[in-house]
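*Asks:* Input: one structure, supplied below.
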Amino acid sequence: QVQLVESGGGLVQTGGSLRLACAASGLTFSSYAMGWFRQAPGKERELVAAISCSGGYKYYADSMKGRSTISRDNAKNTAYLQMNRLKPEDTAVYYCAADFRTHRDDVSSFPFEYDYWGQGTQVTVSS
């Protein structure tokens, strides 16, 4: 079956960095656009960054633009999210998600379009 397993979350001080990884199995990884979403307590799940199947198209939410880099290694079936200059408002559970999207090399910002989800990893930024 399909599994997405996130890693790399943790507790970091304001201004620090974290690199999240999402290891995928049970699917043809290169046929899926990958997204990183986050959800803070009492808030809706929001897209942080996404990357197309080929890696040629990348999207960043305004809140993370300039502070994060999304990437993927199709040979390793893994997607990454490097986050720098973290702020307390970045505290949330971060989820990776896969969207079957071979027909176009772009990404979706809508959670309902993503087919598979990981279990999430907690990111806590202390002030």
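Every chain in the structure tokens has a letter given in the order shown (A, B, ...), and although residue numbers restart at 1 in each chain, ligands are simply numbered from 1 in the order shown.
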Residues of segment 20-62 of chain A that approach segment 102-111 of chain A to 12 Å or less, counting only C-alpha atoms: could you list each one with the shortest pair of atoms and its distance in Å to one decimal, rows by chain and increasing residue number, as JSON lines?

*Replies:*
```
{"residue": "A:Thr28", "atom": "CA", "partner": "A:Thr102", "partner_atom": "CA", "distance": 10.5}
{"residue": "A:Phe29", "atom": "CA", "partner": "A:Thr102", "partner_atom": "CA", "distance": 10.5}
{"residue": "A:Ser30", "atom": "CA", "partner": "A:Thr102", "partner_atom": "CA", "distance": 8.3}
{"residue": "A:Ser31", "atom": "CA", "partner": "A:Thr102", "partner_atom": "CA", "distance": 5.2}
{"residue": "A:Tyr32", "atom": "CA", "partner": "A:Thr102", "partner_atom": "CA", "distance": 6.9}
{"residue": "A:Ala33", "atom": "CA", "partner": "A:Val107", "partner_atom": "CA", "distance": 6.2}
{"residue": "A:Met34", "atom": "CA", "partner": "A:Val107", "partner_atom": "CA", "distance": 7.8}
{"residue": "A:Gly35", "atom": "CA", "partner": "A:Val107", "partner_atom": "CA", "distance": 8.0}
{"residue": "A:Trp36", "atom": "CA", "partner": "A:Ser109", "partner_atom": "CA", "distance": 10.0}
{"residue": "A:Phe37", "atom": "CA", "partner": "A:Pro111", "partner_atom": "CA", "distance": 8.3}
{"residue": "A:Arg38", "atom": "CA", "partner": "A:Pro111", "partner_atom": "CA", "distance": 10.8}
{"residue": "A:Gln39", "atom": "CA", "partner": "A:Pro111", "partner_atom": "CA", "distance": 11.7}
{"residue": "A:Glu44", "atom": "CA", "partner": "A:Pro111", "partner_atom": "CA", "distance": 10.5}
{"residue": "A:Arg45", "atom": "CA", "partner": "A:Pro111", "partner_atom": "CA", "distance": 7.9}
{"residue": "A:Glu46", "atom": "CA", "partner": "A:Pro111", "partner_atom": "CA", "distance": 7.9}
{"residue": "A:Leu47", "atom": "CA", "partner": "A:Ser109", "partner_atom": "CA", "distance": 6.1}
{"residue": "A:Val48", "atom": "CA", "partner": "A:Ser109", "partner_atom": "CA", "distance": 9.0}
{"residue": "A:Ala49", "atom": "CA", "partner": "A:Ser109", "partner_atom": "CA", "distance": 8.7}
{"residue": "A:Ala50", "atom": "CA", "partner": "A:Val107", "partner_atom": "CA", "distance": 6.3}
{"residue": "A:Ile51", "atom": "CA", "partner": "A:Val107", "partner_atom": "CA", "distance": 6.4}
{"residue": "A:Ser52", "atom": "CA", "partner": "A:Asp106", "partner_atom": "CA", "distance": 5.0}
{"residue": "A:Cys53", "atom": "CA", "partner": "A:Asp105", "partner_atom": "CA", "distance": 6.1}
{"residue": "A:Ser54", "atom": "CA", "partner": "A:Asp105", "partner_atom": "CA", "distance": 6.8}
{"residue": "A:Gly55", "atom": "CA", "partner": "A:Asp105", "partner_atom": "CA", "distance": 8.3}
{"residue": "A:Gly56", "atom": "CA", "partner": "A:Asp105", "partner_atom": "CA", "distance": 7.4}
{"residue": "A:Tyr57", "atom": "CA", "partner": "A:Asp106", "partner_atom": "CA", "distance": 5.7}
{"residue": "A:Lys58", "atom": "CA", "partner": "A:Val107", "partner_atom": "CA", "distance": 7.6}
{"residue": "A:Tyr59", "atom": "CA", "partner": "A:Val107", "partner_atom": "CA", "distance": 7.4}
{"residue": "A:Tyr60", "atom": "CA", "partner": "A:Ser109", "partner_atom": "CA", "distance": 9.8}
{"residue": "A:Ala61", "atom": "CA", "partner": "A:Ser109", "partner_atom": "CA", "distance": 9.4}
```

*Asks:* Would you put the residues from that selection into a file with N, CA, C and O atoms, as a short mmCIF file (atom, residue, chain, number, x, y, z; two decimals), in the first residue's frame?

*Replies:*
```
data_model
loop_
_atom_site.label_atom_id
_atom_site.label_comp_id
_atom_site.auth_asym_id
_atom_site.auth_seq_id
_atom_site.Cartn_x
_atom_site.Cartn_y
_atom_site.Cartn_z
N THR A 28 4.27 5.20 -7.88
CA THR A 28 5.26 5.65 -8.85
C THR A 28 5.53 7.12 -8.55
O THR A 28 4.82 8.02 -9.01
N PHE A 29 6.55 7.35 -7.77
CA PHE A 29 6.79 8.67 -7.17
C PHE A 29 6.85 9.78 -8.22
O PHE A 29 6.31 10.86 -8.01
N SER A 30 7.47 9.50 -9.35
CA SER A 30 7.65 10.54 -10.36
C SER A 30 6.34 10.93 -11.05
O SER A 30 6.32 11.89 -11.83
N SER A 31 5.26 10.23 -10.76
CA SER A 31 3.94 10.56 -11.34
C SER A 31 3.11 11.43 -10.41
O SER A 31 1.95 11.73 -10.70
N TYR A 32 3.69 11.80 -9.29
CA TYR A 32 2.96 12.56 -8.27
C TYR A 32 3.63 13.88 -7.98
O TYR A 32 4.83 13.94 -7.69
N ALA A 33 2.82 14.93 -8.05
CA ALA A 33 3.26 16.20 -7.48
C ALA A 33 3.23 16.04 -5.97
O ALA A 33 2.40 15.30 -5.42
N MET A 34 4.15 16.71 -5.28
CA MET A 34 4.26 16.59 -3.83
C MET A 34 4.01 17.94 -3.18
O MET A 34 4.52 18.98 -3.63
N GLY A 35 3.25 17.91 -2.12
CA GLY A 35 2.97 19.14 -1.38
C GLY A 35 3.30 18.99 0.09
O GLY A 35 3.24 17.89 0.64
N TRP A 36 3.69 20.09 0.69
CA TRP A 36 3.86 20.17 2.14
C TRP A 36 2.78 21.11 2.67
O TRP A 36 2.69 22.27 2.26
N PHE A 37 1.96 20.58 3.56
CA PHE A 37 0.92 21.35 4.22
C PHE A 37 1.25 21.46 5.70
O PHE A 37 2.05 20.70 6.23
N ARG A 38 0.61 22.41 6.35
CA ARG A 38 0.75 22.48 7.80
C ARG A 38 -0.60 22.84 8.42
O ARG A 38 -1.46 23.46 7.77
N GLN A 39 -0.75 22.42 9.67
CA GLN A 39 -1.98 22.74 10.40
C GLN A 39 -1.64 23.05 11.84
O GLN A 39 -1.07 22.21 12.55
N GLU A 44 -7.09 26.03 9.84
CA GLU A 44 -7.25 25.12 8.72
C GLU A 44 -5.89 24.68 8.19
O GLU A 44 -4.88 25.37 8.35
N ARG A 45 -5.92 23.53 7.54
CA ARG A 45 -4.70 23.04 6.90
C ARG A 45 -4.39 23.94 5.72
O ARG A 45 -5.26 24.26 4.92
N GLU A 46 -3.11 24.34 5.60
CA GLU A 46 -2.72 25.23 4.52
C GLU A 46 -1.50 24.69 3.78
O GLU A 46 -0.63 24.04 4.38
N LEU A 47 -1.45 25.00 2.51
CA LEU A 47 -0.31 24.59 1.70
C LEU A 47 0.86 25.51 1.98
O LEU A 47 0.74 26.73 1.94
N VAL A 48 1.99 24.91 2.23
CA VAL A 48 3.23 25.66 2.49
C VAL A 48 4.06 25.75 1.22
O VAL A 48 4.54 26.82 0.84
N ALA A 49 4.22 24.61 0.56
CA ALA A 49 5.01 24.55 -0.66
C ALA A 49 4.63 23.29 -1.42
O ALA A 49 4.16 22.32 -0.83
N ALA A 50 4.83 23.33 -2.73
CA ALA A 50 4.54 22.16 -3.56
C ALA A 50 5.50 22.12 -4.73
O ALA A 50 6.03 23.16 -5.16
N ILE A 51 5.71 20.92 -5.25
CA ILE A 51 6.64 20.74 -6.35
C ILE A 51 6.03 19.78 -7.36
O ILE A 51 5.39 18.80 -6.99
N SER A 52 6.22 20.08 -8.62
CA SER A 52 5.63 19.27 -9.67
C SER A 52 6.36 17.93 -9.81
O SER A 52 7.41 17.71 -9.21
N CYS A 53 5.81 17.07 -10.66
CA CYS A 53 6.36 15.73 -10.84
C CYS A 53 7.84 15.76 -11.24
O CYS A 53 8.65 14.99 -10.73
N SER A 54 8.17 16.64 -12.14
CA SER A 54 9.54 16.72 -12.65
C SER A 54 10.45 17.55 -11.74
O SER A 54 11.67 17.51 -11.87
N GLY A 55 9.83 18.34 -10.86
CA GLY A 55 10.60 19.28 -10.04
C GLY A 55 10.78 20.62 -10.71
O GLY A 55 11.38 21.53 -10.15
N GLY A 56 10.24 20.76 -11.93
CA GLY A 56 10.44 21.98 -12.68
C GLY A 56 9.56 23.14 -12.27
O GLY A 56 9.84 24.30 -12.58
N TYR A 57 8.48 22.86 -11.57
CA TYR A 57 7.57 23.90 -11.10
C TYR A 57 7.47 23.81 -9.58
O TYR A 57 7.24 22.74 -9.03
N LYS A 58 7.64 24.95 -8.93
CA LYS A 58 7.56 25.00 -7.47
C LYS A 58 6.65 26.14 -7.04
O LYS A 58 6.64 27.21 -7.67
N TYR A 59 5.90 25.87 -6.01
CA TYR A 59 5.01 26.88 -5.43
C TYR A 59 5.36 27.07 -3.97
O TYR A 59 5.64 26.10 -3.26
N TYR A 60 5.32 28.34 -3.53
CA TYR A 60 5.53 28.65 -2.12
C TYR A 60 4.43 29.58 -1.64
O TYR A 60 4.08 30.55 -2.33
N ALA A 61 3.90 29.30 -0.47
CA ALA A 61 2.96 30.23 0.15
C ALA A 61 3.72 31.50 0.52
O ALA A 61 4.92 31.47 0.81
#
```

*Asks:* Pick out the residues sitting within 10 Å of Leu27 of chain A, and hand them over as a VMD selection string; count only C-alpha atoms, and ignore anything fewer than 5 positions along from it in its own chain.

*Replies:* chain A and resid 1 to 4 32 77 98 100 116

*Asks:* Determine which residues of chain A receive a DSSP assignment of strand (DSSP E), computed from the backbone, and state them as a VMD selection string.

*Replies:* chain A and resid 3 to 7 10 to 13 18 to 25 32 to 39 46 to 51 58 to 60 68 to 73 78 to 83 92 to 100 116 to 117 121 to 126

*Asks:* Check which residues of segment 22-81 of chain A sit at most 9 Å from segment 87-90 of chain A using only C-alpha atoms, and return one row each with the closest pair of atoms and their distance in Å to one decimal, ordered by chain and rising number, as a Markdown table.

*Replies:*
```
| residue | atom | partner | partner_atom | distance |
| --- | --- | --- | --- | --- |
| A:Arg38 | CA | A:Asp90 | CA | 8.6 |
| A:Ala40 | CA | A:Asp90 | CA | 8.4 |
| A:Ser63 | CA | A:Asp90 | CA | 8.8 |
| A:Met64 | CA | A:Asp90 | CA | 8.8 |
```

*Asks:* Counting only C-alpha atoms, figure out which residue out of A:Ala97, A:Ser127, A:Gly66, A:Gly8 gets nearest to Asp115 of chain A.

*Replies:*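 Selected residue with least distance to Asp115 of chain A: A:Ala97.
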
*Asks:* Tell me which of A:Ala75, A:Val93, A:Met83, A:Val125 sits closest to Leu20 of chain A, counting only C-alpha atoms.

*Replies:*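 Comparing A:Ala75, A:Val93, A:Met83, A:Val125 against Leu20 of chain A, the winner is A:Met83.
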
*Asks:* Compare A:Glu113, A:Thr121, A:Tyr80, A:Ser126 by their minimum atom-to-atom distance to Gly15 of chain A, counting only C-alpha atoms, and give me the closest one.

*Replies:*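 Among the listed residues, A:Ser126 lies closest to Gly15 of chain A.
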
*Asks:* Show me, as a PyMOL selection string, the residues that have an atom within 10 Å of Arg19 of chain A when counting only C-alpha atoms, minus same-chain residues fewer than 5 positions from it.

*Replies:* chain A and resi 7-10+68-70+80-84

*Asks:* Keeping only N, CA and C atoms, take the residues you just selected and write them out as a PDB file, in the first residue's frame.

*Replies:*
```pdb
ATOM      1  N   SER A   7       9.703  12.959   8.284  1.00  0.00           N
ATOM      2  CA  SER A   7      10.710  12.985   9.345  1.00  0.00           C
ATOM      3  C   SER A   7      11.364  14.363   9.339  1.00  0.00           C
ATOM      4  N   GLY A   8      12.084  14.654  10.422  1.00  0.00           N
ATOM      5  CA  GLY A   8      12.843  15.894  10.482  1.00  0.00           C
ATOM      6  C   GLY A   8      12.230  16.996  11.315  1.00  0.00           C
ATOM      7  N   GLY A   9      11.024  16.780  11.834  1.00  0.00           N
ATOM      8  CA  GLY A   9      10.429  17.797  12.685  1.00  0.00           C
ATOM      9  C   GLY A   9      11.111  17.837  14.042  1.00  0.00           C
ATOM     10  N   GLY A  10      10.721  18.805  14.847  1.00  0.00           N
ATOM     11  CA  GLY A  10      11.294  18.912  16.173  1.00  0.00           C
ATOM     12  C   GLY A  10      11.130  20.298  16.746  1.00  0.00           C
ATOM     13  N   SER A  68      12.049  29.168   2.586  1.00  0.00           N
ATOM     14  CA  SER A  68      11.983  27.726   2.443  1.00  0.00           C
ATOM     15  C   SER A  68      12.336  27.302   1.026  1.00  0.00           C
ATOM     16  N   THR A  69      12.742  26.058   0.905  1.00  0.00           N
ATOM     17  CA  THR A  69      13.057  25.468  -0.395  1.00  0.00           C
ATOM     18  C   THR A  69      12.492  24.063  -0.440  1.00  0.00           C
ATOM     19  N   ILE A  70      11.669  23.812  -1.449  1.00  0.00           N
ATOM     20  CA  ILE A  70      11.145  22.460  -1.645  1.00  0.00           C
ATOM     21  C   ILE A  70      11.950  21.781  -2.742  1.00  0.00           C
ATOM     22  N   TYR A  80      11.590  16.905  -0.002  1.00  0.00           N
ATOM     23  CA  TYR A  80      12.197  17.619   1.114  1.00  0.00           C
ATOM     24  C   TYR A  80      11.609  19.028   1.226  1.00  0.00           C
ATOM     25  N   LEU A  81      11.656  19.531   2.449  1.00  0.00           N
ATOM     26  CA  LEU A  81      11.317  20.933   2.676  1.00  0.00           C
ATOM     27  C   LEU A  81      12.344  21.502   3.639  1.00  0.00           C
ATOM     28  N   GLN A  82      13.190  22.375   3.119  1.00  0.00           N
ATOM     29  CA  GLN A  82      14.169  23.073   3.943  1.00  0.00           C
ATOM     30  C   GLN A  82      13.542  24.378   4.411  1.00  0.00           C
ATOM     31  N   MET A  83      13.489  24.578   5.708  1.00  0.00           N
ATOM     32  CA  MET A  83      12.890  25.780   6.284  1.00  0.00           C
ATOM     33  C   MET A  83      13.945  26.523   7.094  1.00  0.00           C
ATOM     34  N   ASN A  84      14.108  27.799   6.784  1.00  0.00           N
ATOM     35  CA  ASN A  84      15.098  28.641   7.460  1.00  0.00           C
ATOM     36  C   ASN A  84      14.416  29.824   8.140  1.00  0.00           C
TER      37      ASN A  84
END
```
